[in-house]
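*Asks:* Sharing start_24.txt (compact mmCIF, C-alpha atoms) below.
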```
# COMPACT_ATOMS: atom_id res chain seq x y z
CA MET B 1 0.00 0.00 0.00
CA SER B 2 1.52 3.30 -1.05
CA LYS B 3 2.27 5.94 1.58
CA GLU B 4 2.20 8.65 -1.05
CA VAL B 5 -0.49 11.22 -0.46
CA SER B 6 -1.35 13.62 -3.28
CA VAL B 7 -1.85 17.33 -2.68
CA GLU B 8 -5.17 17.28 -4.52
CA GLU B 9 -6.63 14.48 -2.39
CA ALA B 10 -5.34 15.42 1.04
CA GLY B 11 -4.76 19.15 0.76
CA THR B 12 -1.52 18.66 2.68
CA THR B 13 2.14 18.54 1.82
CA HIS B 14 3.28 15.84 -0.57
CA ARG B 15 4.68 12.83 1.30
CA LYS B 16 6.61 10.17 -0.56
CA ASP B 17 7.95 6.77 0.42
CA TYR B 18 10.89 7.20 -1.96
CA THR B 19 13.56 9.78 -2.71
CA ASP B 20 14.57 10.86 -6.18
CA PRO B 21 18.37 10.99 -6.37
CA PRO B 22 19.81 14.37 -7.35
CA PRO B 23 20.80 14.68 -11.02
CA ALA B 24 24.38 13.78 -11.77
CA PRO B 25 26.62 16.72 -12.67
CA LEU B 26 27.46 17.04 -16.35
CA PHE B 27 31.19 17.07 -15.59
CA ASP B 28 32.38 15.48 -12.37
CA VAL B 29 36.16 15.28 -12.55
CA SER B 30 36.36 14.43 -8.86
CA GLU B 31 35.13 10.90 -9.54
CA LEU B 32 38.22 10.29 -11.70
CA ARG B 33 40.22 10.18 -8.46
CA LEU B 34 38.04 7.49 -6.90
CA TRP B 35 38.82 3.77 -6.99
CA SER B 36 35.08 3.06 -7.23
CA PHE B 37 35.06 4.74 -10.67
CA TYR B 38 37.74 2.43 -12.05
CA ARG B 39 36.21 -0.57 -10.32
CA ALA B 40 32.98 0.22 -12.17
CA LEU B 41 34.88 0.40 -15.49
CA ILE B 42 36.44 -3.00 -14.82
CA ALA B 43 32.99 -4.40 -14.00
CA GLU B 44 31.54 -3.04 -17.26
CA PHE B 45 34.49 -4.42 -19.25
CA ILE B 46 34.27 -7.92 -17.75
CA ALA B 47 30.47 -8.04 -17.92
CA THR B 48 30.41 -7.07 -21.61
CA LEU B 49 33.21 -9.55 -22.34
CA LEU B 50 31.25 -12.40 -20.74
CA PHE B 51 28.02 -11.28 -22.43
CA LEU B 52 29.56 -11.33 -25.90
CA TYR B 53 31.45 -14.56 -25.31
CA VAL B 54 28.41 -16.57 -24.26
CA SER B 55 25.92 -15.00 -26.67
CA VAL B 56 28.09 -15.07 -29.83
CA ALA B 57 29.30 -18.60 -29.01
CA THR B 58 25.64 -19.63 -28.80
CA VAL B 59 24.96 -18.07 -32.21
CA ILE B 60 27.91 -19.87 -33.81
CA GLY B 61 26.95 -23.15 -32.15
CA HIS B 62 23.42 -22.84 -33.51
CA LYS B 63 24.61 -22.16 -37.06
CA LYS B 64 27.12 -25.01 -36.81
CA ALA B 65 24.40 -27.60 -36.12
CA THR B 66 24.00 -29.95 -39.09
CA VAL B 67 20.76 -31.74 -38.19
CA PRO B 68 17.26 -30.32 -37.60
CA CYS B 69 16.79 -29.41 -33.94
CA GLY B 70 20.48 -30.06 -33.40
CA GLY B 71 21.07 -26.53 -32.16
CA VAL B 72 19.38 -24.26 -29.70
CA GLY B 73 17.32 -22.50 -32.38
CA LEU B 74 16.29 -18.85 -32.42
CA LEU B 75 14.51 -19.31 -29.11
CA GLY B 76 17.72 -20.55 -27.51
CA ILE B 77 19.69 -17.64 -28.94
CA ALA B 78 17.17 -15.20 -27.50
CA TRP B 79 17.42 -16.96 -24.14
CA ALA B 80 21.23 -16.76 -24.24
CA PHE B 81 21.18 -13.00 -24.77
CA GLY B 82 18.37 -12.30 -22.31
CA GLY B 83 19.63 -14.75 -19.71
CA MET B 84 23.14 -13.35 -19.74
CA ILE B 85 21.84 -9.81 -19.34
CA PHE B 86 19.75 -10.93 -16.37
CA ILE B 87 22.76 -12.62 -14.76
CA LEU B 88 25.23 -9.82 -15.43
CA VAL B 89 22.92 -6.97 -14.42
CA TYR B 90 22.24 -8.85 -11.18
CA CYS B 91 25.99 -9.28 -10.59
CA THR B 92 27.16 -5.76 -11.48
CA ALA B 93 24.25 -3.47 -10.63
CA GLY B 94 25.69 -2.63 -7.23
CA ILE B 95 29.13 -1.84 -8.67
CA SER B 96 28.62 -0.03 -11.98
CA GLY B 97 24.86 0.04 -12.40
CA GLY B 98 25.01 -2.94 -14.77
CA HIS B 99 24.73 -1.03 -18.05
CA ILE B 100 26.63 -3.45 -20.35
CA ASN B 101 25.34 -1.44 -23.31
CA PRO B 102 26.33 2.01 -24.65
CA ALA B 103 22.69 2.71 -25.52
CA VAL B 104 21.64 2.16 -21.91
CA THR B 105 24.51 4.36 -20.73
CA PHE B 106 23.49 7.05 -23.24
CA GLY B 107 19.86 6.96 -22.07
CA LEU B 108 20.89 7.23 -18.42
CA PHE B 109 23.24 10.09 -19.28
CA LEU B 110 20.40 11.98 -20.97
CA ALA B 111 18.33 11.49 -17.82
CA ARG B 112 21.21 12.88 -15.72
CA LYS B 113 21.81 9.57 -13.98
CA VAL B 114 25.52 9.52 -14.86
CA SER B 115 28.06 12.23 -15.66
CA LEU B 116 29.56 12.73 -19.11
CA PRO B 117 33.05 11.43 -18.17
CA ARG B 118 31.53 8.30 -16.64
CA ALA B 119 29.26 7.76 -19.66
CA VAL B 120 32.15 8.05 -22.13
CA ALA B 121 34.40 5.81 -20.01
CA TYR B 122 31.65 3.20 -19.70
CA MET B 123 31.14 3.13 -23.48
CA VAL B 124 34.87 2.66 -24.09
CA ALA B 125 35.03 -0.15 -21.52
CA GLN B 126 31.95 -1.83 -23.00
CA CYS B 127 33.31 -1.72 -26.56
CA ALA B 128 36.70 -3.03 -25.41
CA GLY B 129 35.03 -5.84 -23.47
CA ALA B 130 32.89 -6.73 -26.49
CA ILE B 131 35.94 -6.96 -28.75
CA CYS B 132 37.73 -9.22 -26.25
CA GLY B 133 34.64 -11.40 -25.76
CA VAL B 134 34.17 -12.01 -29.47
CA GLY B 135 37.92 -12.51 -29.79
CA LEU B 136 37.68 -15.39 -27.33
CA VAL B 137 34.91 -16.96 -29.41
CA LYS B 138 37.07 -16.76 -32.52
CA ALA B 139 40.04 -18.22 -30.63
CA PHE B 140 38.01 -21.19 -29.37
CA MET B 141 35.85 -21.77 -32.47
CA ARG B 142 38.01 -20.41 -35.29
CA HIS B 143 36.74 -22.47 -38.25
CA PRO B 144 33.00 -22.32 -37.52
CA TYR B 145 33.39 -18.69 -36.48
CA ASN B 146 34.78 -17.69 -39.87
CA GLU B 147 32.40 -19.96 -41.75
CA PHE B 148 29.16 -18.88 -40.07
CA GLY B 149 29.42 -15.11 -40.03
CA GLY B 150 31.16 -14.42 -36.73
CA GLY B 151 27.93 -13.44 -35.00
CA ALA B 152 28.10 -10.04 -36.73
CA ASN B 153 24.94 -7.96 -37.11
CA GLU B 154 23.87 -7.36 -40.71
CA VAL B 155 20.63 -6.41 -42.41
CA ALA B 156 19.02 -9.69 -43.49
CA PRO B 157 18.20 -10.26 -47.17
CA GLY B 158 14.73 -9.04 -48.06
CA TYR B 159 14.80 -6.13 -45.60
CA SER B 160 15.75 -2.53 -46.33
CA LYS B 161 18.15 -0.47 -44.25
CA GLY B 162 15.21 1.72 -43.23
CA THR B 163 13.32 -1.28 -41.90
CA ALA B 164 16.41 -2.45 -40.02
CA LEU B 165 16.91 1.00 -38.53
CA GLY B 166 13.29 1.12 -37.38
CA ALA B 167 13.58 -2.34 -35.81
CA GLU B 168 16.70 -1.27 -33.91
CA ILE B 169 15.05 1.94 -32.70
CA ILE B 170 11.94 0.15 -31.43
CA GLY B 171 13.92 -2.72 -29.91
CA THR B 172 16.23 -0.37 -28.02
CA PHE B 173 13.28 1.74 -26.90
CA VAL B 174 11.75 -1.37 -25.30
CA LEU B 175 15.01 -2.20 -23.54
CA VAL B 176 15.86 1.28 -22.25
CA TYR B 177 12.25 1.97 -21.26
CA THR B 178 12.35 -1.23 -19.24
CA VAL B 179 15.63 -0.17 -17.61
CA PHE B 180 14.12 3.17 -16.55
CA SER B 181 10.96 1.52 -15.25
CA ALA B 182 12.75 -1.27 -13.39
CA THR B 183 15.17 1.14 -11.69
CA ASP B 184 12.68 3.92 -10.95
CA PRO B 185 13.14 5.05 -7.31
CA LYS B 186 9.39 4.88 -6.75
CA ARG B 187 9.21 1.27 -7.90
CA SER B 188 12.42 0.33 -6.09
CA ALA B 189 11.03 1.62 -2.78
CA ARG B 190 7.84 -0.41 -3.10
CA ASP B 191 9.49 -3.58 -4.38
CA SER B 192 12.54 -3.50 -2.12
CA HIS B 193 11.58 -6.88 -0.69
CA VAL B 194 12.21 -8.45 -4.14
CA PRO B 195 15.88 -7.63 -4.89
CA VAL B 196 15.94 -9.71 -8.09
CA LEU B 197 13.09 -7.75 -9.64
CA ALA B 198 15.09 -5.13 -11.58
CA PRO B 199 17.44 -7.47 -13.51
CA LEU B 200 14.60 -9.88 -14.36
CA PRO B 201 12.43 -7.60 -16.54
CA ILE B 202 15.56 -6.16 -18.19
CA GLY B 203 16.66 -9.65 -19.18
CA PHE B 204 13.16 -10.49 -20.39
CA ALA B 205 13.08 -7.30 -22.47
CA VAL B 206 16.28 -8.38 -24.23
CA PHE B 207 14.81 -11.86 -24.75
CA MET B 208 11.55 -10.60 -26.25
CA VAL B 209 13.23 -8.05 -28.52
CA HIS B 210 15.53 -10.77 -29.87
CA LEU B 211 12.56 -12.93 -30.77
CA ALA B 212 11.14 -10.09 -32.87
CA THR B 213 14.32 -8.68 -34.38
CA ILE B 214 16.65 -11.63 -35.06
CA PRO B 215 15.09 -12.25 -38.50
CA ILE B 216 15.68 -8.61 -39.50
CA THR B 217 19.11 -7.60 -38.16
CA GLY B 218 20.23 -10.45 -35.93
CA THR B 219 19.29 -8.00 -33.17
CA GLY B 220 21.77 -5.36 -32.17
CA ILE B 221 20.12 -2.98 -29.64
CA ASN B 222 23.62 -2.77 -28.16
CA PRO B 223 26.29 -0.86 -30.12
CA ALA B 224 29.11 -2.57 -28.23
CA ARG B 225 27.75 -6.01 -29.20
CA SER B 226 27.57 -5.02 -32.89
CA PHE B 227 30.92 -3.20 -32.87
CA GLY B 228 32.83 -6.00 -31.15
CA ALA B 229 31.54 -8.60 -33.61
CA ALA B 230 32.29 -6.33 -36.60
CA VAL B 231 35.86 -5.66 -35.42
CA ILE B 232 36.74 -9.34 -35.00
CA TYR B 233 34.84 -10.65 -38.04
CA ASN B 234 35.98 -7.68 -40.16
CA ASN B 235 33.63 -8.22 -43.08
CA GLY B 236 32.61 -5.50 -45.54
CA LYS B 237 28.86 -6.12 -45.16
CA ALA B 238 29.08 -5.89 -41.36
CA TRP B 239 30.90 -2.56 -41.63
CA ASP B 240 28.53 -1.23 -44.30
CA ASP B 241 25.57 -1.79 -41.97
CA GLN B 242 27.39 -0.77 -38.78
CA TRP B 243 25.89 2.73 -38.65
CA ILE B 244 22.42 1.20 -38.23
CA PHE B 245 23.52 -0.45 -34.99
CA TRP B 246 24.71 2.84 -33.54
CA VAL B 247 22.14 5.31 -34.81
CA GLY B 248 19.16 3.02 -34.12
CA PRO B 249 20.02 2.19 -30.49
CA PHE B 250 20.98 5.78 -29.66
CA VAL B 251 17.75 7.16 -31.14
CA GLY B 252 15.74 4.49 -29.31
CA ALA B 253 17.51 5.31 -26.04
CA LEU B 254 16.84 9.02 -26.51
CA ALA B 255 13.14 8.36 -27.15
CA ALA B 256 12.87 6.08 -24.10
CA ALA B 257 14.62 8.60 -21.84
CA ALA B 258 12.35 11.42 -23.03
CA TYR B 259 9.20 9.30 -22.67
CA HIS B 260 10.01 8.14 -19.15
CA GLN B 261 11.39 11.39 -17.79
CA TYR B 262 9.09 13.94 -19.41
CA ILE B 263 5.83 12.05 -19.79
CA LEU B 264 5.65 9.24 -17.25
CA ARG B 265 7.56 11.09 -14.54
CA ALA B 266 6.16 14.44 -15.77
CA ALA B 267 9.49 16.24 -15.43
CA ALA B 268 8.43 18.88 -17.95
CA ILE B 269 5.19 19.61 -16.10
CA LYS B 270 7.01 19.79 -12.75
CA ALA B 271 9.58 22.15 -14.21
CA LEU B 272 6.83 24.35 -15.66
CA GLY B 273 5.02 24.41 -12.32
CA SER B 274 8.22 25.39 -10.53
CA PHE B 275 8.81 28.16 -13.06
CA ARG B 276 5.30 29.56 -12.57
CA SER B 277 5.68 29.36 -8.81
CA ASN B 278 8.93 31.30 -8.94
CA ARG B 279 7.33 33.98 -11.12
CA SER B 280 4.53 34.51 -8.61
CA ASN B 281 6.98 35.07 -5.74
```
Could you show the structure in this file as structure tokens?
*Replies:*
Amino acid sequence: MSKEVSVEEAGTTHRKDYTDPPPAPLFDVSELRLWSFYRALIAEFIATLLFLYVSVATVIGHKKATVPCGGVGLLGIAWAFGGMIFILVYCTAGISGGHINPAVTFGLFLARKVSLPRAVAYMVAQCAGAICGVGLVKAFMRHPYNEFGGGANEVAPGYSKGTALGAEIIGTFVLVYTVFSATDPKRSARDSHVPVLAPLPIGFAVFMVHLATIPITGTGINPARSFGAAVIYNNGKAWDDQWIFWVGPFVGALAAAAYHQYILRAAAIKALGSFRSNRSN
């Protein structure tokens, strides 16, 4: 039962059972002197490495199967991606926030949840981890890796680049919207007795988006995932389509951040009300 009492209903001051954290500063150079900052970078690097290793290895293993039902299938691939995100977000959320995705980091930066230096450093660590993770797959599965496309994201035959871009935008919107909703301070306060709740819907969002988008692009929704696979596979088609897997996720993250912050959390209305209040004083 919520303890929140609205002004309209009670005619009293607004009481909340949660506290919105203050917005992160745009530039916070002081955090560059903290060990916790570099520990978070290491966590993002290792988490993205493990994510790419398991997920791309699953993709290659599926394509390597020679008999019907011999591999995990598209459902298994979706489970590998979604399941790893669930596991890794659960493991790293308390250290780095468990982003594991430049699009998620970008969305949280737009919402003033992280500073610009931290956002840039996270993206670099994520891309480096992705390259190393896919590199391990190639080292362990060299022949099938080269033969079956290296797990690189490309626009599938029969689909236009515009369709692929739209699929990436919508898929990333679903993911980042879920991240905002699952980590909302209001929801966290009321569901604090279920500590596994936040990573679970995030992992399920990745799973569901993969089911819908694998036939179109192989599902990017994570620029580090697409970039790491393209660097190691180093194929012309993967590089030609690479922009889709950066522009799409970043646009989707921007849309999700704006929707959650300015419509669902009514930040624009609150800011307008504060402005009017200040004018009347």
*Asks:* Using only C-alpha atoms, which of B:Ile60, B:Leu41, B:Trp79, B:Thr105 sits nearest Asn146 of chain B?
*Replies:* B:Ile60
*Asks:* For the atom pair atom CA of Cys91 of chain B and atom CA of Ile169 of chain B, what is the interatomic distance in Å to one decimal place?
*Replies:* 27.1 Å
*Asks:* For atom CA of Phe148 of chain B and atom CA of Gly220 of chain B, quote the distance in Å rounded to one decimal.
*Replies:*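 Separation between atom CA of Phe148 of chain B and atom CA of Gly220 of chain B: 17.3 Å.
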*Asks:* Atom CA of Thr217 of chain B to atom CA of Phe245 of chain B: how many Å, to one decimal?
*Replies:*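 Interatomic distance, atom CA of Thr217 of chain B to atom CA of Phe245 of chain B: 9.0 Å.
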*Asks:* Rank B:His62, B:His260, B:Arg225, B:Lys237 by their smallest atom-to-atom distance to Gly133 of chain B, using all atoms listed in the file, and report the top residue only.
*Replies:* B:Arg225
*Asks:* Taking all atoms listed in the file into account, name the residue in B:Gly150, B:Gly97, B:Leu88, B:Ser226 that is nearest to Leu136 of chain B.
*Replies:*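 Selected residue with least distance to Leu136 of chain B: B:Gly150.
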*Asks:* Considering only C-alpha atoms, return as a list in words whatever protein or nucleic-acid residues lie within 10 Å of Gly76 of chain B, sequence-local ones (same chain, fewer than 5 positions apart) excluded.
*Replies:* Ser55, Thr58, Val59, His62, Gly71, Phe81, Gly82, Gly83, Phe207 and Leu211 of chain B
*Asks:* Would you place a box with edges along x, y and z of the file around all atoms of segment 123-138 of chain B listed there, add 6 Å to each of its six sides, and report the centre and edge lengths in Å to one decimal, as JSON?
*Replies:*
```
{"center_x": 34.5, "center_y": -6.9, "center_z": -27.0, "size_x": 18.8, "size_y": 32.1, "size_z": 23.0}
```
*Asks:* May I have the residues within 9 Å of segment 108-111 of chain B as a PyMOL selection string, using all atoms listed in the file and disregarding those fewer than 4 positions away in the same chain?
*Replies:* chain B and resi 23-24+26+103-104+115-116+118-119+176+180+253-254+257-258+261
*Asks:* Which is closer to Tyr145 of chain B than all the others in B:Tyr259, B:Phe45, B:Tyr233, B:Trp246, using all atoms listed in the file?
*Replies:*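 Residue with the minimum atom-to-atom distance to Tyr145 of chain B: B:Tyr233.
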*Asks:* Need to verify the contact set: His210 of chain B, 9 Å, only C-alpha atoms, exclusion of same-chain residues closer than 4 positions in sequence. Can you return it as an NGL selection string?
*Replies:* :B and (74-75 or 77-79 or 81-82 or 171 or 205-206 or 214-215 or 218-220)
*Asks:* Compile the contact shell of Leu52 of chain B as a list in words: residues with an atom at most 9 Å away, counting all atoms listed in the file, same-chain residues fewer than 4 positions apart removed.
*Replies:*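 Selected residues are Ala47, Thr48, Val56, Ala57, Phe81, Gly129, Ala130, Ile131, Cys132, Gly133, Val134, Val137, Arg225, Gly228 and Ala229 of chain B.
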*Asks:* Near Ala43 of chain B, counting only C-alpha atoms, which residues have an atom at most 9 Å away, once you skip same-chain residues fewer than 3 positions from it, shown as a list of chain:residue names?
*Replies:*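 The contact residues come out as B:Tyr38, B:Arg39, B:Ala40, B:Ile46, B:Ala47, B:Thr48, B:Thr92, B:Ile95, B:Ser96, B:Gly98, B:Ala125.
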*Asks:* Which residue out of B:Thr213, B:Thr172, B:Thr183, B:Thr178 has the minimum interatomic distance to Ala255 of chain B when only C-alpha atoms are used?
*Replies:*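 Using only C-alpha atoms, the shortest distance to Ala255 of chain B belongs to B:Thr172.
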